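Here is work_12.cif, consisting of mmCIF, C-alpha atoms:
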```
data_model
loop_
_atom_site.group_PDB
_atom_site.id
_atom_site.type_symbol
_atom_site.label_atom_id
_atom_site.label_comp_id
_atom_site.auth_asym_id
_atom_site.auth_seq_id
_atom_site.Cartn_x
_atom_site.Cartn_y
_atom_site.Cartn_z
ATOM 1 C CA MET A 1 -38.161 -9.299 -87.415
ATOM 2 C CA ALA A 2 -38.362 -7.832 -90.879
ATOM 3 C CA GLN A 3 -41.164 -5.431 -91.597
ATOM 4 C CA ASP A 4 -44.110 -6.659 -93.628
ATOM 5 C CA VAL A 5 -43.960 -4.578 -96.770
ATOM 6 C CA ASN A 6 -47.279 -5.586 -98.234
ATOM 7 C CA ALA A 7 -49.065 -7.969 -95.892
ATOM 8 C CA SER A 8 -52.428 -7.381 -97.513
ATOM 9 C CA GLU A 9 -51.085 -8.618 -100.859
ATOM 10 C CA MET A 10 -49.623 -11.847 -99.485
ATOM 11 C CA SER A 11 -51.235 -15.139 -100.418
ATOM 12 C CA SER A 12 -52.768 -17.127 -97.584
ATOM 13 C CA ASP A 13 -49.786 -19.481 -97.501
ATOM 14 C CA GLU A 14 -47.326 -16.603 -97.521
ATOM 15 C CA ARG A 15 -49.235 -14.882 -94.757
ATOM 16 C CA ASP A 16 -49.278 -18.037 -92.621
ATOM 17 C CA ALA A 17 -45.573 -18.581 -93.174
ATOM 18 C CA ARG A 18 -44.871 -15.007 -92.136
ATOM 19 C CA LEU A 19 -47.221 -15.287 -89.168
ATOM 20 C CA ALA A 20 -45.537 -18.518 -88.066
ATOM 21 C CA ALA A 21 -42.125 -16.885 -88.217
ATOM 22 C CA VAL A 22 -43.232 -13.879 -86.191
ATOM 23 C CA LEU A 23 -45.057 -16.054 -83.644
ATOM 24 C CA ASP A 24 -41.879 -18.091 -83.253
ATOM 25 C CA ALA A 25 -39.852 -14.935 -82.695
ATOM 26 C CA LEU A 26 -42.301 -13.607 -80.101
ATOM 27 C CA THR A 27 -42.427 -16.942 -78.267
ATOM 28 C CA SER A 28 -38.637 -17.017 -78.125
ATOM 29 C CA GLN A 29 -38.660 -13.453 -76.849
ATOM 30 C CA VAL A 30 -41.042 -14.359 -74.019
ATOM 31 C CA ALA A 31 -39.060 -17.520 -73.228
ATOM 32 C CA ALA A 32 -35.974 -15.323 -72.849
ATOM 33 C CA GLY A 33 -37.814 -13.267 -70.240
ATOM 34 C CA ASP A 34 -38.631 -10.257 -72.388
ATOM 35 C CA SER A 35 -42.111 -8.825 -72.672
ATOM 36 C CA ILE A 36 -43.731 -8.182 -76.017
ATOM 37 C CA ARG A 37 -43.865 -4.571 -77.163
ATOM 38 C CA TRP A 38 -47.094 -4.618 -79.070
ATOM 39 C CA ASP A 39 -46.619 -1.129 -80.461
ATOM 40 C CA ASP A 40 -43.440 -2.309 -82.152
ATOM 41 C CA VAL A 41 -45.138 -5.458 -83.415
ATOM 42 C CA ALA A 42 -47.976 -3.364 -84.847
ATOM 43 C CA ALA A 43 -45.517 -1.070 -86.588
ATOM 44 C CA GLN A 44 -43.498 -3.928 -88.047
ATOM 45 C CA HIS A 45 -46.351 -6.296 -88.865
ATOM 46 C CA PRO A 46 -49.514 -4.265 -89.328
ATOM 47 C CA GLY A 47 -51.227 -7.032 -91.278
ATOM 48 C CA LEU A 48 -50.481 -9.700 -88.680
ATOM 49 C CA VAL A 49 -50.755 -7.974 -85.349
ATOM 50 C CA ALA A 50 -54.476 -8.614 -84.874
ATOM 51 C CA GLU A 51 -54.118 -12.379 -85.090
ATOM 52 C CA LEU A 52 -50.914 -12.342 -83.072
ATOM 53 C CA LYS A 53 -52.737 -10.527 -80.306
ATOM 54 C CA GLU A 54 -55.560 -12.996 -80.511
ATOM 55 C CA LEU A 55 -53.169 -15.927 -80.266
ATOM 56 C CA TRP A 56 -51.700 -14.210 -77.236
ATOM 57 C CA ALA A 57 -55.122 -13.542 -75.756
ATOM 58 C CA ARG A 58 -54.633 -9.800 -75.883
ATOM 59 C CA MET B 59 -35.894 -25.123 -68.945
ATOM 60 C CA TRP B 60 -32.956 -26.949 -70.545
ATOM 61 C CA PRO B 61 -29.514 -25.833 -69.357
ATOM 62 C CA ILE B 62 -28.194 -24.690 -72.710
ATOM 63 C CA SER B 63 -25.197 -22.495 -72.201
ATOM 64 C CA ASP B 64 -21.496 -22.033 -72.738
ATOM 65 C CA GLN B 65 -20.959 -24.115 -69.615
ATOM 66 C CA THR B 66 -22.617 -27.094 -71.286
ATOM 67 C CA GLN B 67 -20.169 -26.775 -74.165
ATOM 68 C CA GLU B 68 -17.241 -26.532 -71.746
ATOM 69 C CA LEU B 69 -18.403 -29.700 -70.015
ATOM 70 C CA LEU B 70 -18.834 -31.444 -73.352
ATOM 71 C CA ASP B 71 -15.296 -30.439 -74.292
ATOM 72 C CA GLY B 72 -14.007 -31.659 -70.922
ATOM 73 C CA ALA B 73 -15.849 -34.962 -71.233
ATOM 74 C CA LYS B 74 -14.428 -35.450 -74.701
ATOM 75 C CA GLN B 75 -10.939 -35.028 -73.258
ATOM 76 C CA GLY B 76 -11.651 -37.766 -70.745
ATOM 77 C CA ASP B 77 -12.602 -35.636 -67.738
ATOM 78 C CA ALA B 78 -14.922 -37.952 -65.792
ATOM 79 C CA GLU B 79 -15.985 -35.160 -63.452
ATOM 80 C CA ALA B 80 -17.067 -33.021 -66.416
ATOM 81 C CA ALA B 81 -19.082 -35.932 -67.777
ATOM 82 C CA GLY B 82 -20.779 -36.386 -64.411
ATOM 83 C CA GLN B 83 -21.601 -32.683 -64.120
ATOM 84 C CA LEU B 84 -22.885 -32.662 -67.677
ATOM 85 C CA LEU B 85 -25.412 -35.364 -66.912
ATOM 86 C CA ASP B 86 -26.317 -33.989 -63.482
ATOM 87 C CA ARG B 87 -27.173 -30.529 -64.771
ATOM 88 C CA HIS B 88 -29.684 -31.994 -67.215
ATOM 89 C CA ARG B 89 -31.378 -34.266 -64.680
ATOM 90 C CA ASP B 90 -34.075 -31.818 -63.504
ATOM 91 C CA ALA B 91 -35.071 -30.772 -67.013
ATOM 92 C CA LEU B 92 -35.196 -34.395 -68.076
ATOM 93 C CA ARG B 93 -37.381 -35.250 -65.089
ATOM 94 C CA ARG B 94 -39.776 -32.463 -65.960
ATOM 95 C CA MET B 95 -39.916 -33.529 -69.589
ATOM 96 C CA VAL B 96 -40.761 -37.090 -68.512
ATOM 97 C CA ASP B 97 -43.337 -35.913 -65.957
ATOM 98 C CA MET B 98 -45.168 -33.899 -68.601
ATOM 99 C CA ARG B 99 -45.615 -36.895 -70.824
ATOM 100 C CA MET B 100 -46.520 -39.620 -68.374
ATOM 101 C CA ASP B 101 -50.228 -39.948 -67.969
ATOM 102 C CA ARG B 102 -51.516 -40.642 -64.495
ATOM 103 C CA ARG B 103 -52.338 -44.245 -65.245
ATOM 104 C CA ILE B 104 -48.772 -44.984 -66.224
ATOM 105 C CA GLN B 105 -47.392 -43.072 -63.275
ATOM 106 C CA GLN B 106 -49.195 -45.431 -60.941
ATOM 107 C CA ARG B 107 -47.017 -48.205 -62.320
ATOM 108 C CA VAL B 108 -43.819 -46.549 -63.447
ATOM 109 C CA ASP B 109 -41.739 -44.112 -61.447
ATOM 110 C CA ALA B 110 -40.608 -41.155 -63.544
ATOM 111 C CA SER B 111 -37.358 -41.036 -61.601
ATOM 112 C CA ASP B 112 -36.625 -44.598 -62.723
ATOM 113 C CA ILE B 113 -36.970 -43.549 -66.355
ATOM 114 C CA VAL B 114 -34.686 -40.579 -65.752
ATOM 115 C CA GLN B 115 -32.143 -42.794 -64.026
ATOM 116 C CA GLU B 116 -32.227 -45.296 -66.878
ATOM 117 C CA VAL B 117 -31.615 -42.473 -69.359
ATOM 118 C CA MET B 118 -28.699 -41.211 -67.282
ATOM 119 C CA ILE B 119 -27.129 -44.671 -67.232
ATOM 120 C CA GLU B 120 -27.636 -45.120 -70.967
ATOM 121 C CA ALA B 121 -26.293 -41.634 -71.687
ATOM 122 C CA ASN B 122 -23.218 -42.319 -69.570
ATOM 123 C CA ARG B 123 -22.650 -45.568 -71.442
ATOM 124 C CA ARG B 124 -23.076 -43.982 -74.882
ATOM 125 C CA LEU B 125 -21.469 -40.619 -74.145
ATOM 126 C CA GLY B 126 -18.173 -41.455 -75.854
ATOM 127 C CA THR B 127 -19.931 -42.358 -79.090
ATOM 128 C CA TYR B 128 -22.053 -39.224 -78.916
ATOM 129 C CA LEU B 129 -19.014 -37.006 -78.351
ATOM 130 C CA GLU B 130 -17.274 -38.512 -81.366
ATOM 131 C CA ASN B 131 -20.202 -37.580 -83.568
ATOM 132 C CA PRO B 132 -22.701 -35.232 -81.903
ATOM 133 C CA VAL B 133 -25.482 -35.440 -84.456
ATOM 134 C CA MET B 134 -27.761 -33.223 -82.388
ATOM 135 C CA PRO B 135 -27.462 -30.873 -79.404
ATOM 136 C CA PHE B 136 -26.821 -32.717 -76.150
ATOM 137 C CA HIS B 137 -30.177 -31.887 -74.566
ATOM 138 C CA LEU B 138 -32.016 -33.175 -77.631
ATOM 139 C CA TRP B 139 -29.963 -36.354 -77.517
ATOM 140 C CA LEU B 140 -30.969 -36.912 -73.884
ATOM 141 C CA ARG B 141 -34.637 -36.163 -74.459
ATOM 142 C CA GLN B 142 -34.708 -38.512 -77.461
ATOM 143 C CA MET B 143 -33.556 -41.333 -75.204
ATOM 144 C CA ALA B 144 -36.205 -40.352 -72.661
ATOM 145 C CA LYS B 145 -38.862 -40.233 -75.361
ATOM 146 C CA ASP B 146 -37.960 -43.741 -76.504
ATOM 147 C CA ARG B 147 -38.239 -45.017 -72.953
ATOM 148 C CA LEU B 148 -41.553 -43.271 -72.447
ATOM 149 C CA ILE B 149 -42.928 -44.878 -75.586
ATOM 150 C CA ASP B 150 -41.765 -48.260 -74.306
ATOM 151 C CA ALA B 151 -43.361 -47.655 -70.898
ATOM 152 C CA HIS B 152 -46.672 -46.599 -72.400
ATOM 153 C CA ARG B 153 -46.623 -49.525 -74.784
ATOM 154 C CA ARG B 154 -45.927 -52.003 -71.986
ATOM 155 C CA HIS B 155 -48.539 -50.661 -69.602
ATOM 156 C CA ARG B 156 -51.275 -49.682 -72.022
ATOM 157 C CA GLY B 157 -51.240 -52.974 -73.873
ATOM 158 C CA SER B 158 -53.939 -55.548 -74.124
ATOM 159 C CA GLY B 159 -53.194 -57.492 -70.952
ATOM 160 C CA LYS B 160 -55.882 -58.157 -68.401
ATOM 161 C CA ARG B 161 -54.349 -55.712 -66.014
ATOM 162 C CA SER B 162 -53.501 -53.068 -68.580
ATOM 163 C CA VAL B 163 -53.851 -49.566 -67.209
ATOM 164 C CA ASP B 164 -56.565 -48.779 -69.739
ATOM 165 C CA ARG B 165 -58.837 -51.125 -67.816
ATOM 166 C CA GLU B 166 -57.969 -49.614 -64.489
ATOM 167 C CA GLN B 167 -58.616 -45.948 -64.935
ATOM 168 C CA ALA B 168 -59.842 -43.591 -67.621
ATOM 169 C CA ASN B 169 -57.929 -40.485 -66.653
ATOM 170 C CA VAL B 170 -55.302 -39.777 -69.305
ATOM 171 C CA ALA B 171 -54.133 -36.377 -68.159
ATOM 172 C CA PRO B 172 -50.378 -36.004 -68.026
ATOM 173 C CA ALA B 173 -49.358 -36.027 -64.411
ATOM 174 C CA ALA B 174 -47.460 -32.743 -64.486
ATOM 175 C CA MET B 175 -50.109 -30.833 -66.413
ATOM 176 C CA ASP B 176 -51.692 -29.311 -63.338
ATOM 177 C CA ARG B 177 -48.800 -27.048 -62.494
ATOM 178 C CA SER B 178 -47.630 -26.525 -66.045
ATOM 179 C CA THR B 179 -50.897 -25.271 -67.436
ATOM 180 C CA LEU B 180 -50.793 -22.326 -65.084
ATOM 181 C CA GLU B 181 -47.438 -21.368 -66.535
ATOM 182 C CA LEU B 182 -48.742 -21.597 -70.077
ATOM 183 C CA ALA B 183 -51.837 -19.659 -69.162
ATOM 184 C CA ALA B 184 -49.625 -16.964 -67.711
ATOM 185 C CA GLN B 185 -47.421 -16.915 -70.789
ATOM 186 C CA LEU B 186 -50.385 -16.470 -73.069
ATOM 187 C CA CYS B 187 -51.917 -13.690 -71.064
ATOM 188 C CA ASP B 188 -50.899 -10.194 -70.240
ATOM 189 C CA PRO B 189 -47.943 -10.432 -67.844
ATOM 190 C CA GLU B 190 -49.105 -7.204 -66.216
ATOM 191 C CA MET B 191 -52.574 -8.495 -65.485
ATOM 192 C CA THR B 192 -54.782 -6.708 -63.028
ATOM 193 C CA PRO B 193 -55.709 -8.311 -59.678
ATOM 194 C CA ALA B 194 -59.152 -9.029 -61.082
ATOM 195 C CA ALA B 195 -57.617 -10.826 -64.042
ATOM 196 C CA ALA B 196 -55.276 -12.699 -61.762
ATOM 197 C CA ALA B 197 -58.259 -13.859 -59.734
ATOM 198 C CA THR B 198 -59.612 -15.648 -62.772
ATOM 199 C CA MET B 199 -56.362 -17.479 -63.357
ATOM 200 C CA GLN B 200 -57.460 -20.605 -61.557
ATOM 201 C CA GLU B 201 -60.482 -20.933 -63.798
ATOM 202 C CA LEU B 202 -58.275 -20.227 -66.794
ATOM 203 C CA GLN B 203 -55.916 -22.954 -65.645
ATOM 204 C CA LYS B 204 -58.739 -25.484 -65.717
ATOM 205 C CA ARG B 205 -59.733 -24.375 -69.198
ATOM 206 C CA PHE B 206 -56.147 -24.627 -70.362
ATOM 207 C CA GLN B 207 -55.762 -28.101 -68.971
ATOM 208 C CA ALA B 208 -58.926 -29.250 -70.715
ATOM 209 C CA ALA B 209 -57.903 -27.580 -73.975
ATOM 210 C CA ILE B 210 -54.403 -29.008 -73.987
ATOM 211 C CA GLU B 211 -55.724 -32.472 -73.301
ATOM 212 C CA GLU B 212 -58.136 -32.031 -76.182
ATOM 213 C CA LEU B 213 -55.405 -31.174 -78.671
ATOM 214 C CA ASP B 214 -54.271 -34.017 -80.840
ATOM 215 C CA GLU B 215 -50.927 -35.607 -80.075
ATOM 216 C CA HIS B 216 -48.915 -33.591 -82.625
ATOM 217 C CA ASP B 217 -50.365 -30.263 -81.540
ATOM 218 C CA ARG B 218 -49.976 -31.042 -77.847
ATOM 219 C CA GLU B 219 -46.375 -32.104 -78.362
ATOM 220 C CA VAL B 220 -45.337 -28.896 -80.096
ATOM 221 C CA VAL B 221 -47.068 -26.754 -77.447
ATOM 222 C CA LEU B 222 -45.312 -28.687 -74.681
ATOM 223 C CA MET B 223 -41.987 -28.318 -76.431
ATOM 224 C CA ARG B 224 -42.277 -24.598 -77.102
ATOM 225 C CA HIS B 225 -43.997 -23.436 -73.927
ATOM 226 C CA PHE B 226 -43.135 -25.886 -71.187
ATOM 227 C CA GLU B 227 -39.703 -27.062 -72.270
ATOM 228 C CA GLN B 228 -38.964 -23.701 -73.871
ATOM 229 C CA LEU B 229 -37.220 -25.340 -76.790
ATOM 230 C CA SER B 230 -36.405 -23.175 -79.776
ATOM 231 C CA ASN B 231 -38.042 -23.671 -83.142
ATOM 232 C CA SER B 232 -34.746 -25.056 -84.364
ATOM 233 C CA ASP B 233 -34.752 -27.626 -81.545
ATOM 234 C CA VAL B 234 -38.352 -28.581 -82.279
ATOM 235 C CA ALA B 235 -37.545 -28.990 -85.962
ATOM 236 C CA GLN B 236 -34.585 -31.195 -85.201
ATOM 237 C CA ALA B 237 -36.396 -33.271 -82.574
ATOM 238 C CA LEU B 238 -39.408 -33.870 -84.810
ATOM 239 C CA GLY B 239 -37.482 -34.321 -88.047
ATOM 240 C CA LEU B 240 -39.026 -31.257 -89.697
ATOM 241 C CA THR B 241 -37.652 -28.258 -91.522
ATOM 242 C CA GLU B 242 -37.681 -25.084 -89.437
ATOM 243 C CA PRO B 243 -40.479 -23.497 -91.511
ATOM 244 C CA ALA B 244 -42.535 -26.687 -91.123
ATOM 245 C CA ALA B 245 -41.944 -26.700 -87.353
ATOM 246 C CA SER B 246 -43.025 -23.072 -87.013
ATOM 247 C CA MET B 247 -46.132 -23.789 -89.104
ATOM 248 C CA ARG B 248 -46.998 -26.748 -86.893
ATOM 249 C CA TYR B 249 -46.639 -24.493 -83.866
ATOM 250 C CA LEU B 250 -48.888 -21.852 -85.452
ATOM 251 C CA ARG B 251 -51.554 -24.442 -86.227
ATOM 252 C CA ALA B 252 -51.365 -25.847 -82.707
ATOM 253 C CA MET B 253 -51.721 -22.388 -81.186
ATOM 254 C CA ARG B 254 -54.694 -21.615 -83.431
ATOM 255 C CA ARG B 255 -56.377 -24.824 -82.342
ATOM 256 C CA LEU B 256 -55.576 -24.182 -78.711
ATOM 257 C CA ARG B 257 -57.015 -20.695 -78.984
ATOM 258 C CA LYS B 258 -60.099 -22.060 -80.684
ATOM 259 C CA LEU B 259 -60.595 -24.611 -77.913
ATOM 260 C CA LEU B 260 -60.268 -21.811 -75.410
ATOM 261 C CA GLY B 261 -63.084 -19.965 -77.080
ATOM 262 C CA GLY B 262 -61.182 -17.542 -79.286
ATOM 263 C CA THR B 263 -62.768 -16.168 -82.411
ATOM 264 C CA ASN B 264 -60.019 -17.214 -84.756
ATOM 265 C CA GLU B 265 -61.220 -18.949 -87.889
ATOM 266 C CA GLU B 266 -58.962 -21.537 -89.396
ATOM 267 C CA ASP B 267 -58.850 -24.251 -91.952
ATOM 268 C CA ASP B 268 -58.786 -27.481 -89.975
ATOM 269 C CA THR B 269 -57.132 -29.381 -92.772
ATOM 270 C CA PRO B 270 -53.843 -30.742 -91.374
#
```

Using structure tokens, write down the structure from this file.
Amino acid sequence: MAQDVNASEMSSDERDARLAAVLDALTSQVAAGDSIRWDDVAAQHPGLVAELKELWAR
Amino acid sequence: MWPISDQTQELLDGAKQGDAEAAGQLLDRHRDALRRMVDMRMDRRIQQRVDASDIVQEVMIEANRRLGTYLENPVMPFHLWLRQMAKDRLIDAHRRHRGSGKRSVDREQANVAPAAMDRSTLELAAQLCDPEMTPAAAATMQELQKRFQAAIEELDEHDREVVLMRHFEQLSNSDVAQALGLTEPAASMRYLRAMRRLRKLLGGTNEEDDTP
């Protein structure tokens, strides 16, 4: 997962596209039996981590 | 859920070279996943009339008959090819038994919940929650399961389908895109929208634009 350079400056569509890609990656990770390392997600995607956690009921 | 591995490719190669045993093993190793996929999508009314194992068996027979053609030109991964045949048969079964006849299942019973949802929702609930949940959190899982079942049933068909594919069948985004005829970005966006709606139905605080 590439780091979000400037998440706050993304348009809504760009943000959703990025969010969708990261959600896909995390879902695949869980399907493969790995747990999500939220600290890493927060570091790589600071502008998306709050919603990702919410989608994951964290 | 689907047995996607190097062994599948070896069996495909063997079947292409005329190895009947490889062809048999290839079909056999997909039988359980196919059964589960069918179970998830048969509502209880249909299951009173149609045996899921019959649908699976019909798919196996059709796959065996068409395997040579598939191997000559495998337009999609083998598991997607099988599930497409199953999907077509499910649509036929629902069409036949939910039609307008006097004894259509719609007149018999109102319960439309997929038959396999009971056990599967618990798995999805677990996937969407902290895997290291406390005993107290685990104790609420049964209630959560009920909420999940209600929420999933409330999703529209497109959203429910993508959630089933990603979480229950554990298909990749690439598989979902191919199976639904979407680009990969479009498939991942559909999944995001479905998850937002599911979360909203479960009482999350997420705000979203409901425009499809």

*asked:* Considering all atoms listed in the file, can you say which of A:Leu23, A:Met10, A:Leu48, A:Ala43 comes closest to chain B?
replied: A:Leu23

*Quick one: pull the distance between atom CA of B:Arg205 and atom CA of B:Leu260, Å, one decimal.*
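That distance, rounded to one decimal, is 6.7 Å.
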
*Compare B:Ala252, B:Met247, B:Leu84, B:Glu211 by their minimum atom-to-atom distance to B:Arg99, counting only C-alpha atoms, and give me the closest one.*
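Selected residue with least distance to B:Arg99: B:Glu211.
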
Translate the PyMOL selection byres ((chain B and resi 94-98) around 9), as applied to the file shown, into an explicit residue set as a CSV table (one decimal) with C-alpha atoms, keeping the file's coordinate frame.
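Just written: out_9.csv:
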```
chain,number,residue,atom,x,y,z
B,59,MET,CA,-35.9,-25.1,-68.9
B,89,ARG,CA,-31.4,-34.3,-64.7
B,90,ASP,CA,-34.1,-31.8,-63.5
B,91,ALA,CA,-35.1,-30.8,-67.0
B,92,LEU,CA,-35.2,-34.4,-68.1
B,93,ARG,CA,-37.4,-35.2,-65.1
B,99,ARG,CA,-45.6,-36.9,-70.8
B,100,MET,CA,-46.5,-39.6,-68.4
B,101,ASP,CA,-50.2,-39.9,-68.0
B,105,GLN,CA,-47.4,-43.1,-63.3
B,110,ALA,CA,-40.6,-41.2,-63.5
B,111,SER,CA,-37.4,-41.0,-61.6
B,113,ILE,CA,-37.0,-43.5,-66.4
B,114,VAL,CA,-34.7,-40.6,-65.8
B,141,ARG,CA,-34.6,-36.2,-74.5
B,144,ALA,CA,-36.2,-40.4,-72.7
B,145,LYS,CA,-38.9,-40.2,-75.4
B,148,LEU,CA,-41.6,-43.3,-72.4
B,172,PRO,CA,-50.4,-36.0,-68.0
B,173,ALA,CA,-49.4,-36.0,-64.4
B,174,ALA,CA,-47.5,-32.7,-64.5
B,175,MET,CA,-50.1,-30.8,-66.4
B,178,SER,CA,-47.6,-26.5,-66.0
B,222,LEU,CA,-45.3,-28.7,-74.7
B,223,MET,CA,-42.0,-28.3,-76.4
B,226,PHE,CA,-43.1,-25.9,-71.2
B,227,GLU,CA,-39.7,-27.1,-72.3
```

*At what distance in Å, to one decimal, does atom CA of B:Met143 lie from atom CA of B:Asp112?*
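For atom CA of B:Asp112 relative to atom CA of B:Met143, the distance reads 13.3 Å.
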
*Of the residues B:Phe136, B:Arg218, B:Ser246, B:Glu120, which is the one nearest to B:Leu69, using all atoms listed in the file?*
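Checking each of B:Phe136, B:Arg218, B:Ser246, B:Glu120 against B:Leu69, counting all atoms listed in the file, the winner is B:Phe136.
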
_Resolved residues for the PyMOL selection byres ((chain A) within 7 of (chain B)) as an MDAnalysis selection string_ = chainID A and resid 17 20:21 24 28 31 55:58

*Tell me, as a PyMOL selection string, which residues lie within 8 Å of B:Ala81, counting all atoms listed in the file; anything in the same chain fewer than 4 positions away does not count.*
chain B and resi 69-70+72-73+77+85+122

*So what do you get for atom CA of B:Gln67 versus atom CA of B:Ile149, distance-wise?*
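Atom CA of B:Ile149 lies at a distance of 29.1 Å from atom CA of B:Gln67.
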